[in-house]
file model.pdb (PDB, C-alpha atoms and all ligand atoms)
MODEL        1
ATOM      1  CA  MET A   1     102.199 166.022  82.029
ATOM      2  CA  ALA A   2     103.479 164.356  78.916
ATOM      3  CA  ARG A   3     101.209 161.661  77.538
ATOM      4  CA  ARG A   4     101.987 158.050  78.286
ATOM      5  CA  ARG A   5     104.034 156.303  75.707
ATOM      6  CA  TRP A   6     103.821 152.603  74.899
ATOM      7  CA  ILE A   7     106.037 150.473  72.749
ATOM      8  CA  ALA A   8     103.835 148.150  70.704
ATOM      9  CA  ASP A   9     104.457 144.420  70.798
ATOM     10  CA  GLN A  10     102.871 143.977  67.387
ATOM     11  CA  TRP A  11     101.314 146.114  64.694
ATOM     12  CA  SER A  12      99.750 146.080  61.279
ATOM     13  CA  GLU A  13      98.140 148.635  58.994
ATOM     14  CA  GLY A  14      96.877 151.439  61.248
ATOM     15  CA  ARG A  15      96.683 149.354  64.407
ATOM     16  CA  ALA A  16      99.060 148.371  67.194
ATOM     17  CA  GLU A  17      98.768 145.966  70.106
ATOM     18  CA  LEU A  18     100.253 145.437  73.531
ATOM     19  CA  VAL A  19     100.166 141.885  74.827
ATOM     20  CA  GLY A  20     101.053 140.210  78.108
ATOM     21  CA  ALA A  21     102.624 142.319  80.843
ATOM     22  CA  GLN A  22     102.055 145.654  79.111
ATOM     23  CA  ALA A  23      98.373 144.943  78.503
ATOM     24  CA  ARG A  24      97.953 143.801  82.085
ATOM     25  CA  HIS A  25      99.554 146.983  83.368
ATOM     26  CA  LEU A  26      97.287 149.106  81.211
ATOM     27  CA  ALA A  27      94.151 147.230  82.249
ATOM     28  CA  LYS A  28      94.795 146.495  85.925
ATOM     29  CA  VAL A  29      97.096 149.201  87.220
ATOM     30  CA  LEU A  30      96.007 152.116  85.069
ATOM     31  CA  ARG A  31      92.443 150.911  84.569
ATOM     32  CA  ALA A  32      92.559 152.344  81.066
ATOM     33  CA  GLU A  33      89.354 152.574  79.088
ATOM     34  CA  PRO A  34      88.721 152.659  75.345
ATOM     35  CA  GLY A  35      89.041 156.193  74.055
ATOM     36  CA  MET A  36      92.183 156.969  76.055
ATOM     37  CA  ARG A  37      94.839 158.794  74.041
ATOM     38  CA  CYS A  38      98.460 157.694  74.182
ATOM     39  CA  ASP A  39     101.626 157.884  72.166
ATOM     40  CA  VAL A  40     102.476 154.502  70.721
ATOM     41  CA  VAL A  41     105.768 153.464  69.202
ATOM     42  CA  ALA A  42     105.270 151.002  66.362
ATOM     43  CA  ASP A  43     107.459 150.119  63.450
ATOM     44  CA  GLY A  44     110.191 152.454  64.742
ATOM     45  CA  ARG A  45     107.860 155.445  64.572
ATOM     46  CA  VAL A  46     105.811 157.359  67.148
ATOM     47  CA  TRP A  47     102.059 157.704  66.691
ATOM     48  CA  SER A  48      99.251 159.537  68.381
ATOM     49  CA  ALA A  49      96.867 156.688  69.143
ATOM     50  CA  VAL A  50      93.486 155.949  70.703
ATOM     51  CA  LEU A  51      92.840 152.881  72.806
ATOM     52  CA  ASP A  52      90.239 150.758  71.053
ATOM     53  CA  THR A  53      89.871 147.591  73.143
ATOM     54  CA  VAL A  54      91.597 146.535  76.342
ATOM     55  CA  SER A  55      91.791 143.363  78.419
ATOM     56  CA  GLU A  56      94.405 141.877  80.716
ATOM     57  CA  GLU A  57      95.786 139.894  77.789
ATOM     58  CA  ARG A  58      95.662 142.375  74.973
ATOM     59  CA  ALA A  59      95.210 146.072  74.284
ATOM     60  CA  ALA A  60      94.593 147.391  70.783
ATOM     61  CA  PHE A  61      95.183 150.929  69.599
ATOM     62  CA  VAL A  62      94.113 152.745  66.469
ATOM     63  CA  LEU A  63      97.114 154.687  65.178
ATOM     64  CA  GLU A  64      95.854 158.093  64.131
ATOM     65  CA  GLN A  65      98.742 160.284  63.258
ATOM     66  CA  GLU A  66     102.469 159.921  63.028
ATOM     67  CA  LEU A  67     104.395 162.260  65.322
ATOM     68  CA  ALA A  68     107.873 163.559  64.660
ATOM     69  CA  GLY A  69     110.271 160.902  65.893
ATOM     70  CA  ASP A  70     113.727 161.337  67.306
ATOM     71  CA  ALA A  71     116.431 159.320  65.628
ATOM     72  CA  ALA A  72     118.561 157.035  67.790
ATOM     73  CA  LEU A  73     122.072 158.062  68.615
ATOM     74  CA  PRO A  74     124.205 156.289  65.994
ATOM     75  CA  LEU A  75     126.208 154.497  68.655
ATOM     76  CA  THR A  76     126.903 150.795  69.170
ATOM     77  CA  LEU A  77     128.338 149.764  72.546
ATOM     78  CA  LEU A  78     130.429 146.619  72.818
ATOM     79  CA  LEU A  79     130.077 145.937  76.508
ATOM     80  CA  ALA A  80     132.308 143.363  78.124
ATOM     81  CA  VAL A  81     130.232 141.194  80.427
ATOM     82  CA  PHE A  82     130.853 142.279  84.017
ATOM     83  CA  LYS A  83     128.929 141.975  87.288
ATOM     84  CA  PHE A  84     125.289 141.730  86.296
ATOM     85  CA  ASP A  85     123.852 144.397  88.605
ATOM     86  CA  ARG A  86     126.372 146.912  87.276
ATOM     87  CA  LEU A  87     126.002 145.748  83.697
ATOM     88  CA  GLU A  88     122.242 146.164  83.938
ATOM     89  CA  TRP A  89     122.724 149.644  85.220
ATOM     90  CA  ALA A  90     124.958 150.410  82.230
ATOM     91  CA  ILE A  91     122.344 149.007  79.817
ATOM     92  CA  GLU A  92     119.582 151.084  81.383
ATOM     93  CA  LYS A  93     121.528 154.339  81.385
ATOM     94  CA  ALA A  94     122.998 153.852  77.919
ATOM     95  CA  THR A  95     119.458 153.298  76.635
ATOM     96  CA  GLU A  96     118.249 156.524  78.241
ATOM     97  CA  LEU A  97     121.126 158.325  76.563
ATOM     98  CA  GLY A  98     120.029 156.981  73.182
ATOM     99  CA  VAL A  99     122.386 154.120  72.342
ATOM    100  CA  GLN A 100     121.277 152.236  69.239
ATOM    101  CA  ARG A 101     122.818 148.818  69.824
ATOM    102  CA  ILE A 102     124.403 146.905  72.698
ATOM    103  CA  VAL A 103     126.651 143.927  72.019
ATOM    104  CA  PRO A 104     127.626 142.008  75.165
ATOM    105  CA  VAL A 105     131.049 140.436  74.712
ATOM    106  CA  VAL A 106     132.807 137.816  76.758
ATOM    107  CA  ALA A 107     136.259 139.198  77.437
ATOM    108  CA  ARG A 108     139.326 137.394  78.736
ATOM    109  CA  ARG A 109     138.789 138.889  82.176
ATOM    110  CA  THR A 110     135.047 138.348  82.293
ATOM    111  CA  GLU A 111     134.539 136.151  85.350
ATOM    112  CA  LYS A 112     133.844 132.552  84.347
ATOM    113  CA  HIS A 113     130.517 132.164  86.087
ATOM    114  CA  LEU A 114     129.297 135.416  84.516
ATOM    115  CA  ALA A 115     130.394 134.269  81.076
ATOM    116  CA  GLN A 116     128.453 131.052  81.538
ATOM    117  CA  ALA A 117     125.319 132.757  82.821
ATOM    118  CA  ALA A 118     125.291 135.588  80.268
ATOM    119  CA  ALA A 119     123.299 133.898  77.502
ATOM    120  CA  ALA A 120     120.408 133.215  79.879
ATOM    121  CA  ARG A 121     120.326 136.906  80.831
ATOM    122  CA  VAL A 122     119.681 138.416  77.431
ATOM    123  CA  GLU A 123     115.903 138.453  77.754
ATOM    124  CA  ARG A 124     116.226 140.307  81.054
ATOM    125  CA  TRP A 125     118.620 142.826  79.479
ATOM    126  CA  ARG A 126     116.141 143.368  76.646
ATOM    127  CA  ARG A 127     113.371 144.008  79.158
ATOM    128  CA  ILE A 128     115.542 146.534  80.965
ATOM    129  CA  ALA A 129     116.290 148.273  77.674
ATOM    130  CA  HIS A 130     112.598 148.233  76.807
ATOM    131  CA  GLU A 131     111.628 149.860  80.113
ATOM    132  CA  ALA A 132     114.370 152.442  79.813
ATOM    133  CA  ALA A 133     113.365 153.271  76.230
ATOM    134  CA  LYS A 134     109.780 153.764  77.329
ATOM    135  CA  GLN A 135     110.700 155.845  80.310
ATOM    136  CA  SER A 136     113.000 158.090  78.296
ATOM    137  CA  ARG A 137     110.333 158.396  75.564
ATOM    138  CA  ARG A 138     112.478 156.980  72.835
ATOM    139  CA  ALA A 139     110.974 156.287  69.447
ATOM    140  CA  ASP A 140     112.830 153.027  69.112
ATOM    141  CA  LEU A 141     114.269 150.154  71.074
ATOM    142  CA  PRO A 142     117.983 149.522  71.214
ATOM    143  CA  GLU A 143     119.003 146.137  69.886
ATOM    144  CA  VAL A 144     120.552 143.927  72.560
ATOM    145  CA  HIS A 145     122.557 141.169  70.900
ATOM    146  CA  GLU A 146     123.244 137.685  72.197
ATOM    147  CA  PRO A 147     126.583 137.651  74.033
ATOM    148  CA  GLU A 148     129.513 136.613  71.867
ATOM    149  CA  SER A 149     133.260 136.245  72.118
ATOM    150  CA  LEU A 150     135.396 139.304  71.508
ATOM    151  CA  LYS A 151     136.899 137.578  68.506
ATOM    152  CA  ALA A 152     133.477 137.061  66.936
ATOM    153  CA  ALA A 153     132.413 140.628  67.737
ATOM    154  CA  LEU A 154     135.531 142.095  66.168
ATOM    155  CA  ALA A 155     135.183 139.946  63.066
ATOM    156  CA  ARG A 156     131.906 141.694  62.181
ATOM    157  CA  THR A 157     132.012 144.489  59.666
ATOM    158  CA  TRP A 158     131.139 147.527  61.730
ATOM    159  CA  THR A 159     130.438 150.673  59.829
ATOM    160  CA  GLY A 160     131.458 153.779  61.679
ATOM    161  CA  THR A 161     134.397 154.889  63.740
ATOM    162  CA  ARG A 162     135.726 152.195  66.056
ATOM    163  CA  LEU A 163     136.843 153.440  69.455
ATOM    164  CA  LEU A 164     138.353 151.324  72.208
ATOM    165  CA  LEU A 165     138.017 152.737  75.720
ATOM    166  CA  ALA A 166     141.345 151.963  77.340
ATOM    167  CA  GLU A 167     142.667 153.358  80.578
ATOM    168  CA  SER A 168     146.201 152.727  79.281
ATOM    169  CA  GLU A 169     145.705 155.317  76.543
ATOM    170  CA  ARG A 170     147.306 158.569  77.626
ATOM    171  CA  THR A 171     147.158 160.948  74.698
ATOM    172  CA  MET A 172     144.042 160.476  72.570
ATOM    173  CA  MET A 173     140.973 161.707  74.423
ATOM    174  CA  LEU A 174     137.545 160.405  73.421
ATOM    175  CA  SER A 175     136.327 163.971  72.851
ATOM    176  CA  ASP A 176     139.230 164.664  70.471
ATOM    177  CA  ALA A 177     138.568 161.507  68.496
ATOM    178  CA  LEU A 178     134.947 162.621  68.147
ATOM    179  CA  LEU A 179     135.942 166.110  67.115
ATOM    180  CA  ALA A 180     137.869 164.664  64.198
ATOM    181  CA  LEU A 181     134.772 162.646  63.332
ATOM    182  CA  THR A 182     132.179 165.401  63.547
ATOM    183  CA  SER A 183     134.131 167.601  61.160
ATOM    184  CA  GLY A 184     133.409 164.876  58.603
ATOM    185  CA  ASN A 185     130.422 162.656  58.047
ATOM    186  CA  THR A 186     128.805 161.437  61.275
ATOM    187  CA  GLU A 187     126.091 159.318  59.709
ATOM    188  CA  ALA A 188     128.033 156.084  59.914
ATOM    189  CA  GLY A 189     128.211 156.614  63.659
ATOM    190  CA  VAL A 190     130.459 155.214  66.323
ATOM    191  CA  VAL A 191     131.190 151.742  67.696
ATOM    192  CA  MET A 192     132.739 151.874  71.146
ATOM    193  CA  ALA A 193     134.091 149.085  73.389
ATOM    194  CA  VAL A 194     134.172 149.064  77.185
ATOM    195  CA  GLY A 195     136.234 146.465  79.051
ATOM    196  CA  PRO A 196     135.392 144.310  82.082
ATOM    197  CA  GLU A 197     136.238 145.121  85.691
ATOM    198  CA  GLY A 198     139.798 143.866  85.275
ATOM    199  CA  GLY A 199     140.240 145.755  81.994
ATOM    200  CA  TRP A 200     141.283 144.446  78.562
ATOM    201  CA  THR A 201     144.341 142.192  78.361
ATOM    202  CA  ALA A 202     147.338 143.149  76.221
ATOM    203  CA  ASP A 203     146.340 140.438  73.728
ATOM    204  CA  GLU A 204     142.869 141.852  73.424
ATOM    205  CA  GLU A 205     144.239 145.347  72.881
ATOM    206  CA  LEU A 206     146.378 143.916  70.070
ATOM    207  CA  LEU A 207     143.347 142.257  68.516
ATOM    208  CA  PHE A 208     141.485 145.577  68.578
ATOM    209  CA  ALA A 209     144.480 147.245  66.944
ATOM    210  CA  LYS A 210     144.477 144.611  64.187
ATOM    211  CA  HIS A 211     140.875 145.509  63.432
ATOM    212  CA  ALA A 212     141.759 149.206  63.310
ATOM    213  CA  TRP A 213     140.144 150.310  66.550
ATOM    214  CA  GLN A 214     141.445 153.586  67.951
ATOM    215  CA  PRO A 215     142.236 153.497  71.705
ATOM    216  CA  VAL A 216     140.798 156.510  73.507
ATOM    217  CA  SER A 217     140.896 157.855  77.052
ATOM    218  CA  LEU A 218     138.292 159.303  79.352
ATOM    219  CA  GLY A 219     140.943 161.010  81.451
ATOM    220  CA  PRO A 220     143.525 160.140  84.073
ATOM    221  CA  ARG A 221     141.187 158.425  86.518
ATOM    222  CA  ILE A 222     140.370 154.726  86.351
ATOM    223  CA  LEU A 223     136.617 154.398  86.119
ATOM    224  CA  ARG A 224     134.550 151.371  86.885
ATOM    225  CA  ALA A 225     133.333 149.700  83.717
ATOM    226  CA  GLU A 226     129.747 150.923  84.087
ATOM    227  CA  THR A 227     130.896 154.471  84.846
ATOM    228  CA  ALA A 228     133.107 154.384  81.754
ATOM    229  CA  ALA A 229     130.189 153.118  79.634
ATOM    230  CA  ILE A 230     127.811 155.848  80.791
ATOM    231  CA  ALA A 231     130.332 158.679  80.745
ATOM    232  CA  ALA A 232     131.548 157.733  77.278
ATOM    233  CA  THR A 233     127.988 157.414  75.945
ATOM    234  CA  ALA A 234     127.220 160.883  77.280
ATOM    235  CA  VAL A 235     130.296 162.301  75.565
ATOM    236  CA  VAL A 236     129.271 160.682  72.267
ATOM    237  CA  ALA A 237     125.688 161.886  72.723
ATOM    238  CA  SER A 238     126.822 165.477  73.177
ATOM    239  CA  ALA A 239     128.981 165.246  70.065
ATOM    240  CA  LEU A 240     126.563 163.440  67.745
ATOM    241  CA  LEU A 241     123.077 164.390  68.961
TER
HETATM  242  N1  LIG A 301     142.403 147.591  84.461
HETATM  243  C1  LIG A 301     141.763 148.396  85.435
HETATM  244  C2  LIG A 301     140.246 148.514  85.461
HETATM  245  C3  LIG A 301     139.541 148.520  84.153
HETATM  246  S1  LIG A 301     138.243 149.630  84.160
HETATM  247  C4  LIG A 301     142.245 148.036  86.803
HETATM  248  O1  LIG A 301     141.658 147.144  87.433
HETATM  249  O2  LIG A 301     143.202 148.658  87.179
HETATM  250  C5  LIG A 301     137.088 148.844  83.113
HETATM  251  C6  LIG A 301     136.967 149.418  81.726
HETATM  252  O3  LIG A 301     136.503 150.760  81.802
HETATM  253  C7  LIG A 301     138.258 149.487  80.926
HETATM  254  O4  LIG A 301     138.524 148.285  80.255
HETATM  255  C8  LIG A 301     137.989 150.614  79.957
HETATM  256  O5  LIG A 301     137.244 150.150  78.836
HETATM  257  C9  LIG A 301     137.107 151.541  80.764
HETATM  258  N2  LIG A 301     137.829 152.649  81.400
HETATM  259  C10 LIG A 301     137.984 152.880  82.739
HETATM  260  N3  LIG A 301     138.665 154.005  82.957
HETATM  261  C11 LIG A 301     138.947 154.530  81.743
HETATM  262  C12 LIG A 301     139.635 155.716  81.302
HETATM  263  N4  LIG A 301     140.168 156.585  82.153
HETATM  264  N5  LIG A 301     139.714 155.928  79.983
HETATM  265  C13 LIG A 301     139.184 155.049  79.088
HETATM  266  N6  LIG A 301     138.535 153.931  79.450
HETATM  267  C14 LIG A 301     138.405 153.663  80.749
ENDMDL
END
call {"tool": "encode", "arguments": {"input": "model.pdb", "output": "structure tokens", "more": "lines below"}}
Ligand code: SAH
result
Amino acid sequence: MARRRWIADQWSEGRAELVGAQARHLAKVLRAEPGMRCDVVADGRVWSAVLDTVSEERAAFVLEQELAGDAALPLTLLLAVFKFDRLEWAIEKATELGVQRIVPVVARRTEKHLAQAAAARVERWRRIAHEAAKQSRRADLPEVHEPESLKAALARTWTGTRLLLAESERTMMLSDALLALTSGNTEAGVVMAVGPEGGWTADEELLFAKHAWQPVSLGPRILRAETAAIAATAVVASALL
């Protein structure tokens, strides 16, 4: 079996620590003892490490040797805020698939009570991403931004190809847009936006167009937002891996 992998909460020269829940899990559930070997992710890199001290509050590792890391998929997902259970599922699966950054956006058709509750959910979304990164043995954690308005999100300077998932788009397929990209330089990556359950409004589609986002299709069927997010991330992953 593959060795356990931990994502360090803090680190400094040659050492890394888990604190709180992770330390408790190591000490109480796994009953780990000093000397145990693990893989530890610290500072965006993966290390072969040996457990030095462990308690329910804190576990310290000595980092012995850096292992070859796998780079994140250069993909940022702008995810409209939609029903939290489904959104959480999208965050978990997108993390497994390698997404580098998730930006929750409040769209016109994001339900009001979800829009209001979103900011208080970020810590939970980060925990979900953390768990998914660990489970999929990623060498890094995806960033999960604070939710922001679509206007604010579009006003940022995104490097990379900007793709708007839109079920109204009939001709340009996501895979074709990526094909055009991969024949050039893929390093700048992709920024991709997924709408809420009710879809993007016409005004929002115009705003995307103003910021030079390319509308793309995932095919003739209307997918639920979380299905669209996962399917599209998988398509990008297969093109950019
Ligand atoms: N407006 C639709 C549902 C929107 S689906 C309705 O209720 O009829 C939610 C989001 O998933 C969309 O905003 C879009 O980003 C994405 N999506 C769903 N199906 C898609 C498809 N076939 N192609 C591209 N994006 C799609």
call {"tool": "residues_near_point", "arguments": {"input": "model.pdb", "point": "(136.3, 142.0, 75.0)", "cutoff": "10 Å", "atoms": "only C-alpha atoms", "output": "PyMOL selection string"}}
result
chain A and resi 78-81+104-110+148-154+164+193-196+199-201+204-205+207-208
call {"tool": "resolve_selection", "arguments": {"input": "model.pdb", "expression": "the PyMOL selection byres (((chain A and resi 158) around 12) and not hetatm)", "output": "VMD selection string"}}
result
chain A and resid 74 to 78 101 103 152 to 157 159 to 163 188 to 192 211 to 213
call {"tool": "residues_near_ligand", "arguments": {"input": "model.pdb", "ligand": "ligand LIG 301 (chain A)", "cutoff": "9 Å", "atoms": "all atoms listed in the file", "output": "count of residues only"}}
result
36
call {"tool": "closest_residue", "arguments": {"input": "model.pdb", "among": "A:Ala231, A:Ala129, A:Leu63, A:Met172", "to": "Thr95 in chain A", "atoms": "only C-alpha atoms"}}
result
A:Ala129
call {"tool": "closest_atom_pairs", "arguments": {"input": "model.pdb", "of": "range 119-205 of chain A", "to": "range 39-50 of chain A", "cutoff": "10 Å", "atoms": "all atoms listed in the file", "output": "JSON lines"}}
result
{"residue": "A:Lys134", "atom": "CA", "partner": "A:Val41", "partner_atom": "CA", "distance": 9.1}
{"residue": "A:Arg137", "atom": "CA", "partner": "A:Val41", "partner_atom": "CA", "distance": 9.3}
{"residue": "A:Arg138", "atom": "CA", "partner": "A:Val41", "partner_atom": "CA", "distance": 8.4}
{"residue": "A:Ala139", "atom": "CA", "partner": "A:Val46", "partner_atom": "CA", "distance": 5.8}
{"residue": "A:Asp140", "atom": "CA", "partner": "A:Gly44", "partner_atom": "CA", "distance": 5.1}
{"residue": "A:Leu141", "atom": "CA", "partner": "A:Gly44", "partner_atom": "CA", "distance": 7.9}
call {"tool": "atom_distance", "arguments": {"input": "model.pdb", "atom1": "CA of Glu57 in chain A", "atom2": "CA of Pro34 in chain A"}}
result
14.8 Å
call {"tool": "closest_residue", "arguments": {"input": "model.pdb", "among": "A:Gly14, A:Ala119, A:His145, A:Leu206", "to": "Glu66 in chain A", "atoms": "all atoms listed in the file"}}
result
A:Gly14
call {"tool": "atom_distance", "arguments": {"input": "model.pdb", "atom1": "CA of Arg127 in chain A", "atom2": "CA of Arg15 in chain A"}}
result
22.9 Å
call {"tool": "atom_distance", "arguments": {"input": "model.pdb", "atom1": "CA of Ala59 in chain A", "atom2": "CA of Gln135 in chain A"}}
result
19.3 Å
call {"tool": "closest_residue", "arguments": {"input": "model.pdb", "among": "A:Glu56, A:Thr233, A:Ile128, A:Lys93", "to": "Val29 in chain A", "atoms": "only C-alpha atoms"}}
result
A:Glu56
call {"tool": "residues_near_point", "arguments": {"input": "model.pdb", "point": "(117.6, 156.2, 74.0)", "cutoff": "7 Å", "atoms": "only C-alpha atoms", "output": "list in words"}}
result
Ala72, Thr95, Glu96, Leu97, Gly98, Val99, Ala133, Ser136 and Arg138 of chain A
